[in-house]
Amino acid sequence: MINLKDFMNKLLKEKRVAIFMHVRPDGDTIGSALALKFALENQGIKADAYCSDDIPSRFLGFKGVLDIKKELSGEYSAMVSIDCAEINRLGDFAPYFNAHKNTYLIDHHISNVKYAKQNVLIDRASNCENVYELLTTANLEITKDISNLLLLGIVTDTGNFKHKNVSSETLLVASKLLEKGADINYIVYKMFTEQSKERAKLFGLVCSKIRYFLDDRFAVMTVSSEMLKDSNAKPDETEGFIDFLMGVKSVEVGACVLEMAKNTYKISFRSKGTDVNAVAGVFG
């Protein structure tokens with residue numbers, strides 16, 4: 001793995017950069033990608049942000065989100081993968097990234113296999129903390145818009161600072177971003193408070209069907225296609241459901257099973273100590 005200074009020295013010499021987020025985008029991948037995009041553009045480098053999936057509506061109020069692209073346009077001197085542990089999670093863009101000769105990776109997932117030519121992989125609570133260090137290492141200006149995007153990723157990937165992955169460094173970076181103008185009140189409201197009535201109905205349906213196993217230490221909530229249809233909610237509105245599950249006193253491990261299509265499911269894990277990353281790895 002290349003050191004941070006060398007990584008940024010190489011990246012800042014590029015002419016045009018494509019930045020890719022992972023499928024089912026969350027605040028960390030969106031915040032990381034757009035913060036990097038704006039930082040590069042401020043240095044005169046052309047940069048575009050891409051995501052294979054639609055961006056959830058709750059993120060539309062953040063700067064740059066409406067400019068995220070779904071179809072590759074033109075040639076790029078470099079491609080960057082953001083917050084994506086596996087190349088397949090780049091979705092439709094995975095083949096393009098894999099075929100490109102000059103690729104970069106910035107991630108915080110310990111399961112990452114370092115599939116790019118240049119890799120920055122540091123285990124932190126959020127990938128936005130890694131982007132913050134990259135920008136500060138290169139002495140790049142962190143504007144108000146960039147600070148807001150970076151704090152978005154930190155707040156969402158730490159569950160509003162309540163997950164065990166929060167460190168003193170996480171809080172220090174968040175403090176620095178607040179000093180630079182990040183609006184934590186807006187971020188927390190948009191991410192954890194505001195919701196549609198459709199999501200509220202779906203949440204009620206899901207919670208009424210929670211199942212408990214192993215003396216209530218393992219809990220599973222299921223979001224079926226029928227529930228989505230009955231509530232008229234969208235799949236991306238299930239973000240955060242599992243955090244409620246982990247609030248149940250007896251629960252040590254929780255799983256949220258989302259029906260994506262017939263015989264196709266997306267499963268999210270949370271735990272209060274168990275290595276659920278190892279469990280997820282068994283299923284690829």
# chains A, B, ... in the order shown; residues from 1 in each chain; ligands from 1
>>> residues_around(residues="Leu245 in chain A", least_positions_apart="5", cutoff="12 Å", atoms="only C-alpha atoms", output="PyMOL selection string")
chain A and resi 203+206-212+216-222+240+250-256+268-272
>>> residues_around(residues="range 230-237 of chain A", least_positions_apart="2", cutoff="9 Å", atoms="only C-alpha atoms", output="ChimeraX atom specification")
/A:24-25,55-58,195-202,205,223,225-228,239-241,258-260
>>> select_by_dssp(residues="range 160-277 of chain A", states="strand (DSSP E)", output="MDAnalysis selection string")
chainID A and resid 211:213 218:223 253:261 264:271
>>> atom_distance(atom1="CA of Leu171 in chain A", atom2="CA of Glu194 in chain A")
24.0 Å
>>> closest_residue(among="A:Thr193, A:Ile187, A:Ile142, A:Val166", to="Asn42 in chain A", atoms="only C-alpha atoms")
A:Ile142
>>> closest_residue(among="A:His108, A:Lys10, A:Lys114, A:Lys70", to="Asp157 in chain A", atoms="only C-alpha atoms")
A:His108
>>> decode(residues="range 202-254 of chain A", atoms="C-alpha atoms", output="short mmCIF file (atom, residue, chain, number, x, y, z; two decimals), in the first residue's frame")
data_model
loop_
_atom_site.label_atom_id
_atom_site.label_comp_id
_atom_site.auth_asym_id
_atom_site.auth_seq_id
_atom_site.Cartn_x
_atom_site.Cartn_y
_atom_site.Cartn_z
CA LEU A 202 -43.14 0.37 6.20
CA PHE A 203 -41.28 0.62 9.50
CA GLY A 204 -44.42 -0.39 11.36
CA LEU A 205 -44.98 -3.38 9.10
CA VAL A 206 -41.39 -4.54 9.46
CA CYS A 207 -41.24 -4.14 13.24
CA SER A 208 -44.42 -6.17 13.68
CA LYS A 209 -42.67 -9.14 12.07
CA ILE A 210 -39.33 -9.12 13.93
CA ARG A 211 -38.20 -12.64 14.85
CA TYR A 212 -35.94 -13.59 17.74
CA PHE A 213 -33.62 -16.59 18.08
CA LEU A 214 -31.02 -17.99 20.51
CA ASP A 215 -32.70 -16.72 23.66
CA ASP A 216 -33.42 -13.37 22.00
CA ARG A 217 -29.73 -12.72 21.35
CA PHE A 218 -30.15 -12.88 17.55
CA ALA A 219 -32.92 -10.89 15.87
CA VAL A 220 -34.01 -10.70 12.24
CA MET A 221 -36.19 -8.12 10.56
CA THR A 222 -37.45 -8.83 7.05
CA VAL A 223 -38.53 -6.32 4.43
CA SER A 224 -40.55 -8.20 1.83
CA SER A 225 -41.58 -6.96 -1.60
CA GLU A 226 -45.17 -7.20 -0.37
CA MET A 227 -44.41 -4.81 2.50
CA LEU A 228 -42.80 -2.36 0.08
CA LYS A 229 -45.85 -2.56 -2.16
CA ASP A 230 -48.32 -2.12 0.70
CA SER A 231 -46.51 0.93 2.08
CA ASN A 232 -45.53 2.39 -1.30
CA ALA A 233 -42.04 2.91 0.13
CA LYS A 234 -38.77 2.51 -1.77
CA PRO A 235 -36.06 -0.04 -0.89
CA ASP A 236 -33.57 2.73 -0.08
CA GLU A 237 -35.92 3.97 2.66
CA THR A 238 -35.01 0.94 4.78
CA GLU A 239 -31.68 2.55 5.69
CA GLY A 240 -31.43 2.76 9.47
CA PHE A 241 -34.08 0.13 10.26
CA ILE A 242 -31.48 -2.23 11.68
CA ASP A 243 -30.31 0.39 14.15
CA PHE A 244 -33.69 0.15 15.86
CA LEU A 245 -33.23 -3.61 16.09
CA MET A 246 -29.91 -3.15 17.86
CA GLY A 247 -31.63 -1.01 20.47
CA VAL A 248 -33.42 -4.08 21.84
CA LYS A 249 -31.68 -4.86 25.13
CA SER A 250 -31.24 -8.61 24.66
CA VAL A 251 -30.08 -8.46 21.03
CA GLU A 252 -26.38 -9.07 20.42
CA VAL A 253 -26.53 -9.61 16.66
CA GLY A 254 -29.12 -8.25 14.26
#
